[in-house]
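With compact mmCIF, C-alpha atoms and all ligand atoms inside, this is data_9.txt:
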# COMPACT_ATOMS: atom_id res chain seq x y z
CA MET A 1 -22.74 -1.43 -4.36
CA VAL A 2 -21.94 -4.32 -2.03
CA ASP A 3 -24.74 -5.32 0.36
CA TYR A 4 -23.15 -5.64 3.80
CA ASP A 5 -26.47 -6.32 5.50
CA GLY A 6 -27.10 -9.82 4.21
CA ARG A 7 -24.81 -12.78 3.54
CA MET A 8 -21.65 -10.64 3.79
CA SER A 9 -22.26 -9.79 7.45
CA GLN A 10 -22.69 -13.49 8.28
CA VAL A 11 -19.39 -14.58 6.73
CA TYR A 12 -17.28 -11.48 7.46
CA THR A 13 -15.69 -12.53 10.74
CA ALA A 14 -14.86 -16.06 9.60
CA GLY A 15 -13.64 -14.84 6.21
CA ARG A 16 -11.77 -11.70 7.25
CA GLY A 17 -11.32 -11.74 11.02
CA MET A 18 -7.99 -10.46 12.32
CA ALA A 19 -5.87 -12.13 14.99
CA VAL A 20 -5.18 -10.04 18.12
CA GLU A 21 -1.56 -9.51 17.05
CA GLU A 22 -2.67 -8.21 13.63
CA VAL A 23 -4.95 -5.65 15.27
CA ARG A 24 -2.11 -4.58 17.60
CA ARG A 25 0.30 -4.19 14.71
CA TRP A 26 -2.23 -2.01 12.88
CA THR A 27 -3.05 0.24 15.83
CA GLY A 28 0.65 0.49 16.70
CA ALA A 29 1.43 1.58 13.13
CA LEU A 30 -1.28 4.28 13.29
CA ALA A 31 0.07 5.50 16.63
CA GLU A 32 3.35 6.43 14.93
CA HIS A 33 1.50 9.24 13.13
CA LEU A 34 -0.36 10.60 16.17
CA PRO A 35 0.72 12.53 19.28
CA GLU A 36 2.00 10.45 22.22
CA ARG A 37 -0.48 11.99 24.68
CA ARG A 38 -3.44 9.86 25.80
CA PRO A 39 -6.40 9.77 25.66
CA LEU A 40 -7.06 10.33 21.96
CA ASP A 41 -10.60 10.09 20.59
CA VAL A 42 -11.01 8.12 17.38
CA LEU A 43 -13.66 7.57 14.73
CA ASP A 44 -13.67 4.21 12.94
CA LEU A 45 -15.59 5.16 9.80
CA GLY A 46 -17.24 2.16 8.18
CA SER A 47 -16.45 0.08 11.26
CA GLY A 48 -18.18 -3.08 10.01
CA THR A 49 -18.13 -5.79 12.66
CA GLY A 50 -15.64 -3.83 14.74
CA ARG A 51 -12.59 -5.76 13.59
CA LEU A 52 -10.33 -2.93 14.73
CA THR A 53 -12.64 -0.75 16.83
CA PRO A 54 -11.98 -2.13 20.35
CA GLY A 55 -8.27 -2.29 19.48
CA LEU A 56 -8.37 1.47 18.78
CA ALA A 57 -9.88 2.06 22.24
CA GLU A 58 -7.11 0.01 23.85
CA GLU A 59 -4.32 1.73 21.93
CA PHE A 60 -5.54 5.31 22.24
CA GLN A 61 -7.38 5.14 25.60
CA GLY A 62 -10.09 7.62 24.58
CA GLN A 63 -13.65 7.46 23.27
CA VAL A 64 -13.99 5.52 20.05
CA TYR A 65 -16.95 5.82 17.70
CA GLY A 66 -17.73 3.15 15.13
CA VAL A 67 -19.94 4.61 12.41
CA GLU A 68 -21.45 1.96 10.17
CA PRO A 69 -24.45 2.07 7.79
CA ALA A 70 -25.13 -1.68 7.58
CA GLU A 71 -27.18 -2.84 10.54
CA GLY A 72 -26.22 -6.46 9.80
CA MET A 73 -22.56 -5.60 10.43
CA ARG A 74 -23.21 -3.20 13.32
CA VAL A 75 -25.21 -5.68 15.40
CA LEU A 76 -22.30 -8.13 15.29
CA ALA A 77 -19.74 -5.52 16.31
CA ALA A 78 -17.37 -6.32 19.13
CA ALA A 79 -18.28 -4.48 22.35
CA HIS A 80 -15.87 -2.41 24.45
CA PRO A 81 -16.68 -0.05 27.35
CA ARG A 82 -15.21 2.96 25.53
CA VAL A 83 -16.64 2.16 22.08
CA THR A 84 -19.97 3.56 20.86
CA TYR A 85 -21.37 2.21 17.60
CA LEU A 86 -23.56 4.60 15.66
CA ALA A 87 -25.78 4.10 12.62
CA GLY A 88 -24.60 6.47 9.93
CA SER A 89 -22.41 6.91 6.94
CA ALA A 90 -19.39 8.87 5.78
CA GLU A 91 -21.58 11.30 3.86
CA ALA A 92 -23.31 12.45 7.09
CA ILE A 93 -21.16 11.50 10.08
CA PRO A 94 -23.30 11.61 13.26
CA LEU A 95 -20.65 13.46 15.31
CA PRO A 96 -20.12 17.16 16.07
CA GLU A 97 -17.48 19.32 14.42
CA ALA A 98 -13.92 18.92 15.76
CA SER A 99 -14.81 15.98 18.01
CA VAL A 100 -12.06 13.41 17.31
CA ASP A 101 -8.26 13.31 17.08
CA ALA A 102 -8.14 10.61 14.43
CA VAL A 103 -10.33 8.95 11.81
CA LEU A 104 -9.70 5.49 10.42
CA MET A 105 -11.22 4.47 7.08
CA PHE A 106 -10.19 0.83 6.90
CA LEU A 107 -11.17 -0.59 3.51
CA SER A 108 -14.41 1.40 3.65
CA PHE A 109 -13.60 4.41 1.42
CA HIS A 110 -14.25 2.56 -1.87
CA HIS A 111 -17.78 1.86 -0.63
CA PHE A 112 -18.67 5.52 0.06
CA ARG A 113 -21.48 6.68 -2.26
CA ASP A 114 -19.97 10.18 -2.37
CA GLN A 115 -16.26 10.09 -1.58
CA ALA A 116 -15.76 13.86 -1.86
CA GLN A 117 -18.54 14.50 0.65
CA GLY A 118 -17.17 11.73 2.89
CA LEU A 119 -13.76 13.44 2.99
CA ARG A 120 -15.35 16.83 3.74
CA GLU A 121 -17.15 15.17 6.64
CA VAL A 122 -13.89 13.62 7.86
CA ARG A 123 -12.32 17.08 7.87
CA ARG A 124 -15.31 18.51 9.75
CA VAL A 125 -15.18 16.00 12.62
CA LEU A 126 -11.38 16.06 12.98
CA ARG A 127 -9.86 18.45 15.50
CA PRO A 128 -7.33 20.88 13.99
CA GLY A 129 -4.07 18.97 13.60
CA GLY A 130 -5.99 15.68 13.65
CA VAL A 131 -5.12 12.82 11.33
CA ALA A 132 -7.21 10.59 9.07
CA PHE A 133 -5.94 7.24 7.83
CA LEU A 134 -7.11 6.07 4.43
CA ARG A 135 -6.36 2.35 4.50
CA SER A 136 -7.22 1.39 0.97
CA GLN A 137 -5.93 -0.20 -2.16
CA PHE A 138 -4.89 2.19 -4.90
CA ALA A 139 -5.40 1.28 -8.56
CA ASP A 140 -1.73 1.96 -9.37
CA LEU A 141 -0.35 0.18 -6.28
CA MET A 142 -2.36 -3.04 -6.28
CA PRO A 143 -0.91 -6.01 -4.36
CA ASP A 144 -0.11 -9.13 -6.36
CA LEU A 145 -2.40 -11.51 -4.46
CA PHE A 146 -1.52 -15.12 -5.17
CA TRP A 147 -5.17 -16.23 -5.48
CA TYR A 148 -5.76 -13.86 -8.41
CA GLU A 149 -4.36 -16.67 -10.56
CA TYR A 150 -7.56 -18.70 -10.04
CA PHE A 151 -9.93 -15.97 -11.27
CA PRO A 152 -8.93 -14.39 -14.61
CA SER A 153 -10.81 -11.09 -14.02
CA ALA A 154 -10.08 -10.65 -10.31
CA ARG A 155 -7.10 -8.33 -10.62
CA THR A 156 -8.92 -6.01 -13.06
CA VAL A 157 -12.14 -6.11 -11.02
CA ASP A 158 -10.23 -5.17 -7.86
CA ALA A 159 -8.22 -2.36 -9.47
CA ALA A 160 -11.44 -0.85 -10.88
CA MET A 161 -12.84 -0.39 -7.36
CA TYR A 162 -10.06 1.93 -6.20
CA PRO A 163 -8.74 5.40 -7.03
CA THR A 164 -5.14 5.86 -8.03
CA LEU A 165 -2.94 7.39 -5.35
CA ALA A 166 -2.92 10.73 -7.21
CA GLU A 167 -6.73 10.71 -7.44
CA ALA A 168 -7.07 10.00 -3.71
CA GLN A 169 -4.54 12.76 -2.88
CA ALA A 170 -6.41 15.23 -5.11
CA MET A 171 -9.79 14.38 -3.51
CA ALA A 172 -8.34 14.78 -0.02
CA ALA A 173 -6.76 18.14 -0.87
CA GLU A 174 -10.05 19.32 -2.39
CA ALA A 175 -11.74 18.47 0.94
CA GLY A 176 -9.21 20.57 2.89
CA LEU A 177 -7.01 17.72 4.13
CA VAL A 178 -3.27 17.59 3.54
CA PRO A 179 -2.32 14.21 2.03
CA GLY A 180 1.02 12.48 2.48
CA GLU A 181 3.22 12.45 -0.61
CA GLU A 182 3.47 8.66 -0.52
CA VAL A 183 1.51 5.88 1.12
CA VAL A 184 2.82 4.26 4.28
CA TRP A 185 3.19 0.46 4.01
CA VAL A 186 2.16 -1.46 7.12
CA SER A 187 3.21 -5.07 7.66
CA ALA A 188 0.54 -6.35 10.02
CA GLU A 189 -0.74 -9.49 8.36
CA LYS A 190 -0.28 -12.86 10.06
CA GLN A 191 1.16 -15.51 7.79
CA ARG A 192 -1.38 -18.18 6.92
CA THR A 193 -1.18 -21.55 5.19
CA LEU A 194 -2.75 -22.28 1.82
CA ARG A 195 -5.49 -24.30 3.54
CA GLU A 196 -6.32 -21.48 5.99
CA THR A 197 -6.29 -18.96 3.16
CA TYR A 198 -8.57 -21.11 1.01
CA GLU A 199 -10.97 -21.56 3.94
CA ARG A 200 -11.15 -17.76 4.41
CA VAL A 201 -11.29 -16.69 0.77
CA SER A 202 -13.86 -19.34 -0.19
CA LEU A 203 -16.35 -17.75 2.22
CA ARG A 204 -16.44 -14.89 -0.30
CA ALA A 205 -16.27 -12.16 2.31
CA LEU A 206 -14.33 -9.99 -0.19
CA SER A 207 -16.15 -7.57 -2.47
CA THR A 208 -14.07 -8.90 -5.40
CA PHE A 209 -16.41 -11.87 -5.62
CA GLU A 210 -19.50 -9.65 -5.72
CA HIS A 211 -18.20 -8.19 -9.00
CA LEU A 212 -16.62 -11.21 -10.70
CA PRO A 213 -18.34 -12.82 -13.70
CA ALA A 214 -20.40 -15.72 -12.25
CA ASP A 215 -18.82 -18.26 -14.60
CA GLU A 216 -15.36 -17.67 -13.06
CA LEU A 217 -16.41 -18.54 -9.51
CA ASP A 218 -16.92 -22.33 -9.57
CA PRO A 219 -13.91 -23.23 -11.76
CA GLY A 220 -11.68 -20.81 -9.82
CA PHE A 221 -12.65 -22.14 -6.41
CA ALA A 222 -12.37 -25.75 -7.67
CA ARG A 223 -8.73 -25.17 -8.72
CA PHE A 224 -8.02 -23.26 -5.51
CA ALA A 225 -9.53 -26.12 -3.42
CA ALA A 226 -7.50 -28.74 -5.28
CA ASP A 227 -4.25 -26.85 -4.61
CA ALA A 228 -5.22 -26.36 -0.96
CA GLN A 229 -5.80 -30.10 -0.65
CA ARG A 230 -2.50 -30.92 -2.33
CA GLU A 231 -0.34 -28.51 -0.32
CA PRO A 232 -2.35 -27.49 2.77
CA GLU A 233 0.65 -26.36 4.83
CA ARG A 234 2.31 -24.21 2.17
CA MET A 235 2.83 -20.75 3.68
CA MET A 236 1.31 -17.89 1.74
CA PRO A 237 3.18 -14.68 0.90
CA LEU A 238 2.55 -11.64 3.07
CA HIS A 239 1.34 -8.33 1.69
CA PRO A 240 1.85 -5.02 3.47
CA GLY A 241 -1.22 -2.74 3.55
CA ALA A 242 -1.17 0.75 2.04
CA VAL A 243 -2.28 3.73 4.13
CA LEU A 244 -2.53 7.33 2.96
CA VAL A 245 -2.16 9.72 5.90
CA LEU A 246 -4.32 12.86 5.71
CA THR A 247 -3.92 15.77 8.12
CA ARG A 248 -6.39 18.48 9.01
CA PRO A 249 -4.38 21.72 9.13
CA ARG A 250 -4.37 23.63 12.44
C1 LIG B 301 -14.73 -4.11 3.78
S1 LIG B 301 -15.81 -3.56 5.03
C2 LIG B 301 -14.63 -2.92 6.22
C3 LIG B 301 -15.17 -2.90 7.61
C4 LIG B 301 -14.14 -2.57 8.69
N1 LIG B 301 -13.57 -1.26 8.49
C5 LIG B 301 -13.07 -3.63 8.70
O1 LIG B 301 -11.93 -3.34 8.31
O2 LIG B 301 -13.38 -4.75 9.07
C6 LIG B 301 -16.51 -2.06 4.38
C7 LIG B 301 -17.50 -1.40 5.31
O3 LIG B 301 -17.82 -0.10 4.80
C8 LIG B 301 -19.17 0.13 5.08
N2 LIG B 301 -19.73 1.21 4.26
C9 LIG B 301 -20.41 1.11 3.09
N3 LIG B 301 -20.82 2.32 2.67
C10 LIG B 301 -20.38 3.22 3.58
C11 LIG B 301 -20.52 4.62 3.73
N4 LIG B 301 -21.16 5.34 2.80
N5 LIG B 301 -20.00 5.21 4.81
C12 LIG B 301 -19.34 4.48 5.75
N6 LIG B 301 -19.18 3.13 5.66
C13 LIG B 301 -19.69 2.50 4.60
C14 LIG B 301 -19.81 -1.22 4.79
O4 LIG B 301 -21.12 -1.33 5.32
C15 LIG B 301 -18.80 -2.16 5.42
O5 LIG B 301 -19.09 -2.45 6.75
Full structure transcribed into structure tokens:
Amino acid sequence: MVDYDGRMSQVYTAGRGMAVEEVRRWTGALAEHLPERRPLDVLDLGSGTGRLTPGLAEEFQGQVYGVEPAEGMRVLAAAHPRVTYLAGSAEAIPLPEASVDAVLMFLSFHHFRDQAQGLREVRRVLRPGGVAFLRSQFADLMPDLFWYEYFPSARTVDAAMYPTLAEAQAMAAEAGLVPGEEVVWVSAEKQRTLRETYERVSLRALSTFEHLPADELDPGFARFAADAQREPERMMPLHPGAVLVLTRPR
């Protein structure tokens, strides 16, 4: 388990913050799978520091709930007049049945203690016809991140955290949600230089580094830093994000 209450909460925004245009591209991509009517009410499940939560309120114009178990993350969360942050977790969502039109799980699903129960809870709080977005990595669709080259175990460590697409689809179906046949790929990331990327990644706001063998960290970051110093302005490749769309039947 990754502890999001301590050091992680303090480095999260600097290490993983999103630019306004990245948030807009994400919420715009989600909107393509939802009805055009407004307002729509949304649950951001595992909302962290509210990276996307106020953006959801702007895009969908309804009430937005950010449910987050780690107090350290929740207290830093970005305020918005239509956003309510609630202490809670996926396994026991503190919302009534059929209370939201959409649920976003943005890189939170792999942290759920009980993923099957989390998905049953997602189905419970969705209105009939509502849509849940599982923004995750999938073990069989892992991105080829350039910085994996600095840490020999990073790719394996990352893949081990995630279900395969078929496993995620099976879990969703078991919970009474209808999964898409394929993931949707969303290109929302802003292109960053090698120096900017090093500055973000070296804050270790990614759970990868919580699981890596300790003896890979210093040598890996030393090589990464040397490259960033040599070629600070080199532009880094972009990676689209995978989203599995899950629908609650009417
Ligand atoms: C990588 S962060 C993502 C946060 C936010 N969605 C974002 O994209 O910035 C993962 C979040 O999942 C939360 N989390 C951990 N266990 C959870 C659970 N059982 N239910 C809901 N969220 C959980 C963590 O506390 C953390 O804030």
| task | Could you give me, as a ChimeraX atom specification, every polymer residue with an atom at most 10 Å away from an atom of ligand LIG 301 (chain B), counting only C-alpha atoms and all ligand atoms? | result | /A:1-5,8-9,12-13,16-18,44-53,66-74,77,87-93,104-115,117-118,135-136,205-207
Resulting file, chosen residues, C-alpha atoms, as an mmCIF file, in the coordinates of the input:
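File again.cif, as written:
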data_model
loop_
_atom_site.group_PDB
_atom_site.id
_atom_site.type_symbol
_atom_site.label_atom_id
_atom_site.label_comp_id
_atom_site.auth_asym_id
_atom_site.auth_seq_id
_atom_site.Cartn_x
_atom_site.Cartn_y
_atom_site.Cartn_z
ATOM 1 C CA MET A 1 -22.740 -1.430 -4.360
ATOM 2 C CA VAL A 2 -21.940 -4.320 -2.030
ATOM 3 C CA ASP A 3 -24.740 -5.320 0.360
ATOM 4 C CA TYR A 4 -23.150 -5.640 3.800
ATOM 5 C CA ASP A 5 -26.470 -6.320 5.500
ATOM 6 C CA MET A 8 -21.650 -10.640 3.790
ATOM 7 C CA SER A 9 -22.260 -9.790 7.450
ATOM 8 C CA TYR A 12 -17.280 -11.480 7.460
ATOM 9 C CA THR A 13 -15.690 -12.530 10.740
ATOM 10 C CA ARG A 16 -11.770 -11.700 7.250
ATOM 11 C CA GLY A 17 -11.320 -11.740 11.020
ATOM 12 C CA MET A 18 -7.990 -10.460 12.320
ATOM 13 C CA ASP A 44 -13.670 4.210 12.940
ATOM 14 C CA LEU A 45 -15.590 5.160 9.800
ATOM 15 C CA GLY A 46 -17.240 2.160 8.180
ATOM 16 C CA SER A 47 -16.450 0.080 11.260
ATOM 17 C CA GLY A 48 -18.180 -3.080 10.010
ATOM 18 C CA THR A 49 -18.130 -5.790 12.660
ATOM 19 C CA GLY A 50 -15.640 -3.830 14.740
ATOM 20 C CA ARG A 51 -12.590 -5.760 13.590
ATOM 21 C CA LEU A 52 -10.330 -2.930 14.730
ATOM 22 C CA THR A 53 -12.640 -0.750 16.830
ATOM 23 C CA GLY A 66 -17.730 3.150 15.130
ATOM 24 C CA VAL A 67 -19.940 4.610 12.410
ATOM 25 C CA GLU A 68 -21.450 1.960 10.170
ATOM 26 C CA PRO A 69 -24.450 2.070 7.790
ATOM 27 C CA ALA A 70 -25.130 -1.680 7.580
ATOM 28 C CA GLU A 71 -27.180 -2.840 10.540
ATOM 29 C CA GLY A 72 -26.220 -6.460 9.800
ATOM 30 C CA MET A 73 -22.560 -5.600 10.430
ATOM 31 C CA ARG A 74 -23.210 -3.200 13.320
ATOM 32 C CA ALA A 77 -19.740 -5.520 16.310
ATOM 33 C CA ALA A 87 -25.780 4.100 12.620
ATOM 34 C CA GLY A 88 -24.600 6.470 9.930
ATOM 35 C CA SER A 89 -22.410 6.910 6.940
ATOM 36 C CA ALA A 90 -19.390 8.870 5.780
ATOM 37 C CA GLU A 91 -21.580 11.300 3.860
ATOM 38 C CA ALA A 92 -23.310 12.450 7.090
ATOM 39 C CA ILE A 93 -21.160 11.500 10.080
ATOM 40 C CA LEU A 104 -9.700 5.490 10.420
ATOM 41 C CA MET A 105 -11.220 4.470 7.080
ATOM 42 C CA PHE A 106 -10.190 0.830 6.900
ATOM 43 C CA LEU A 107 -11.170 -0.590 3.510
ATOM 44 C CA SER A 108 -14.410 1.400 3.650
ATOM 45 C CA PHE A 109 -13.600 4.410 1.420
ATOM 46 C CA HIS A 110 -14.250 2.560 -1.870
ATOM 47 C CA HIS A 111 -17.780 1.860 -0.630
ATOM 48 C CA PHE A 112 -18.670 5.520 0.060
ATOM 49 C CA ARG A 113 -21.480 6.680 -2.260
ATOM 50 C CA ASP A 114 -19.970 10.180 -2.370
ATOM 51 C CA GLN A 115 -16.260 10.090 -1.580
ATOM 52 C CA GLN A 117 -18.540 14.500 0.650
ATOM 53 C CA GLY A 118 -17.170 11.730 2.890
ATOM 54 C CA ARG A 135 -6.360 2.350 4.500
ATOM 55 C CA SER A 136 -7.220 1.390 0.970
ATOM 56 C CA ALA A 205 -16.270 -12.160 2.310
ATOM 57 C CA LEU A 206 -14.330 -9.990 -0.190
ATOM 58 C CA SER A 207 -16.150 -7.570 -2.470
#
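Separating atom CA of Trp185 of chain A from atom CA of Arg120 of chain A is a distance of 24.7 Å.
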| Nearby residues (all atoms listed in the file) at most 12 Å from Ala175 of chain A, same-chain spacing under 6 positions excluded, as an MDAnalysis selection string | chainID A and resid 115:124 168:169 246:249
Output C-alpha atoms of each residue in that selection to a file, as a PDB file, in the coordinates of the input.
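Written out: part.pdb:
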ATOM      1  CA  GLN A 115     -16.260  10.090  -1.580  1.00  0.00           C
ATOM      2  CA  ALA A 116     -15.760  13.860  -1.860  1.00  0.00           C
ATOM      3  CA  GLN A 117     -18.540  14.500   0.650  1.00  0.00           C
ATOM      4  CA  GLY A 118     -17.170  11.730   2.890  1.00  0.00           C
ATOM      5  CA  LEU A 119     -13.760  13.440   2.990  1.00  0.00           C
ATOM      6  CA  ARG A 120     -15.350  16.830   3.740  1.00  0.00           C
ATOM      7  CA  GLU A 121     -17.150  15.170   6.640  1.00  0.00           C
ATOM      8  CA  VAL A 122     -13.890  13.620   7.860  1.00  0.00           C
ATOM      9  CA  ARG A 123     -12.320  17.080   7.870  1.00  0.00           C
ATOM     10  CA  ARG A 124     -15.310  18.510   9.750  1.00  0.00           C
ATOM     11  CA  ALA A 168      -7.070  10.000  -3.710  1.00  0.00           C
ATOM     12  CA  GLN A 169      -4.540  12.760  -2.880  1.00  0.00           C
ATOM     13  CA  LEU A 246      -4.320  12.860   5.710  1.00  0.00           C
ATOM     14  CA  THR A 247      -3.920  15.770   8.120  1.00  0.00           C
ATOM     15  CA  ARG A 248      -6.390  18.480   9.010  1.00  0.00           C
ATOM     16  CA  PRO A 249      -4.380  21.720   9.130  1.00  0.00           C
TER      17      PRO A 249
END
| field | segment 225-238 of chain A surroundings by all atoms listed in the file, 7 Å radius, close-in-sequence under 4 positions cut, as a PyMOL selection string | value | chain A and resi 189+191-195+198+221
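Between Pro143 of chain A and the residues A:Asp41, A:Glu36, A:Glu21, A:Asp158, the shortest atom-to-atom distance, using only C-alpha atoms, involves A:Asp158.
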| request: Tell me, in Å to one decimal, how far atom CA of Val243 of chain A is from atom CA of Val23 of chain A. | output: 14.8 Å
Could you please fill out segment 162-189 of chain A with N, CA and C atoms and send it back as an mmCIF file, keeping the file's coordinate frame?
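This went into result_27.cif:
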data_model
loop_
_atom_site.group_PDB
_atom_site.id
_atom_site.type_symbol
_atom_site.label_atom_id
_atom_site.label_comp_id
_atom_site.auth_asym_id
_atom_site.auth_seq_id
_atom_site.Cartn_x
_atom_site.Cartn_y
_atom_site.Cartn_z
ATOM 1 N N TYR A 162 -10.858 0.988 -7.000
ATOM 2 C CA TYR A 162 -10.060 1.930 -6.200
ATOM 3 C C TYR A 162 -9.565 3.111 -7.024
ATOM 4 N N PRO A 163 -9.380 4.265 -6.352
ATOM 5 C CA PRO A 163 -8.740 5.400 -7.030
ATOM 6 C C PRO A 163 -7.244 5.151 -7.151
ATOM 7 N N THR A 164 -6.598 5.865 -8.050
ATOM 8 C CA THR A 164 -5.140 5.860 -8.030
ATOM 9 C C THR A 164 -4.709 6.694 -6.816
ATOM 10 N N LEU A 165 -3.433 6.587 -6.468
ATOM 11 C CA LEU A 165 -2.940 7.390 -5.350
ATOM 12 C C LEU A 165 -3.124 8.882 -5.653
ATOM 13 N N ALA A 166 -2.797 9.297 -6.864
ATOM 14 C CA ALA A 166 -2.920 10.730 -7.210
ATOM 15 C C ALA A 166 -4.373 11.182 -7.119
ATOM 16 N N GLU A 167 -5.301 10.335 -7.538
ATOM 17 C CA GLU A 167 -6.730 10.710 -7.440
ATOM 18 C C GLU A 167 -7.156 10.847 -5.980
ATOM 19 N N ALA A 168 -6.709 9.926 -5.139
ATOM 20 C CA ALA A 168 -7.070 10.000 -3.710
ATOM 21 C C ALA A 168 -6.458 11.257 -3.085
ATOM 22 N N GLN A 169 -5.205 11.551 -3.428
ATOM 23 C CA GLN A 169 -4.540 12.760 -2.880
ATOM 24 C C GLN A 169 -5.296 14.015 -3.323
ATOM 25 N N ALA A 170 -5.717 14.040 -4.591
ATOM 26 C CA ALA A 170 -6.410 15.230 -5.110
ATOM 27 C C ALA A 170 -7.768 15.403 -4.407
ATOM 28 N N MET A 171 -8.483 14.298 -4.204
ATOM 29 C CA MET A 171 -9.790 14.380 -3.510
ATOM 30 C C MET A 171 -9.614 14.878 -2.082
ATOM 31 N N ALA A 172 -8.575 14.376 -1.413
ATOM 32 C CA ALA A 172 -8.340 14.780 -0.020
ATOM 33 C C ALA A 172 -8.006 16.272 0.038
ATOM 34 N N ALA A 173 -7.145 16.729 -0.864
ATOM 35 C CA ALA A 173 -6.760 18.140 -0.870
ATOM 36 C C ALA A 173 -7.975 19.030 -1.141
ATOM 37 N N GLU A 174 -8.816 18.579 -2.049
ATOM 38 C CA GLU A 174 -10.050 19.320 -2.390
ATOM 39 C C GLU A 174 -10.949 19.461 -1.156
ATOM 40 N N ALA A 175 -10.915 18.450 -0.272
ATOM 41 C CA ALA A 175 -11.740 18.470 0.940
ATOM 42 C C ALA A 175 -11.078 19.241 2.087
ATOM 43 N N GLY A 176 -9.881 19.776 1.844
ATOM 44 C CA GLY A 176 -9.210 20.570 2.890
ATOM 45 C C GLY A 176 -8.336 19.751 3.808
ATOM 46 N N LEU A 177 -7.936 18.564 3.345
ATOM 47 C CA LEU A 177 -7.010 17.720 4.130
ATOM 48 C C LEU A 177 -5.674 17.693 3.402
ATOM 49 N N VAL A 178 -4.596 17.615 4.172
ATOM 50 C CA VAL A 178 -3.270 17.590 3.540
ATOM 51 C C VAL A 178 -2.817 16.136 3.428
ATOM 52 N N PRO A 179 -2.707 15.630 2.178
ATOM 53 C CA PRO A 179 -2.320 14.210 2.030
ATOM 54 C C PRO A 179 -0.818 14.015 2.076
ATOM 55 N N GLY A 180 -0.393 12.847 2.559
ATOM 56 C CA GLY A 180 1.020 12.480 2.480
ATOM 57 C C GLY A 180 1.434 12.378 1.023
ATOM 58 N N GLU A 181 2.748 12.524 0.786
ATOM 59 C CA GLU A 181 3.220 12.450 -0.610
ATOM 60 C C GLU A 181 3.254 11.019 -1.106
ATOM 61 N N GLU A 182 3.429 10.088 -0.187
ATOM 62 C CA GLU A 182 3.470 8.660 -0.520
ATOM 63 C C GLU A 182 2.554 7.919 0.440
ATOM 64 N N VAL A 183 2.224 6.676 0.127
ATOM 65 C CA VAL A 183 1.510 5.880 1.120
ATOM 66 C C VAL A 183 2.532 5.327 2.119
ATOM 67 N N VAL A 184 2.020 4.967 3.286
ATOM 68 C CA VAL A 184 2.820 4.260 4.280
ATOM 69 C C VAL A 184 2.460 2.775 4.127
ATOM 70 N N TRP A 185 3.470 1.908 4.116
ATOM 71 C CA TRP A 185 3.190 0.460 4.010
ATOM 72 C C TRP A 185 3.268 -0.166 5.399
ATOM 73 N N VAL A 186 2.214 -0.869 5.780
ATOM 74 C CA VAL A 186 2.160 -1.460 7.120
ATOM 75 C C VAL A 186 2.171 -2.990 7.001
ATOM 76 N N SER A 187 3.135 -3.611 7.666
ATOM 77 C CA SER A 187 3.210 -5.070 7.660
ATOM 78 C C SER A 187 2.547 -5.582 8.932
ATOM 79 N N ALA A 188 1.289 -5.941 8.831
ATOM 80 C CA ALA A 188 0.540 -6.350 10.020
ATOM 81 C C ALA A 188 -0.035 -7.758 9.870
ATOM 82 N N GLU A 189 -0.049 -8.236 8.634
ATOM 83 C CA GLU A 189 -0.740 -9.490 8.360
ATOM 84 C C GLU A 189 -0.032 -10.681 8.998
#
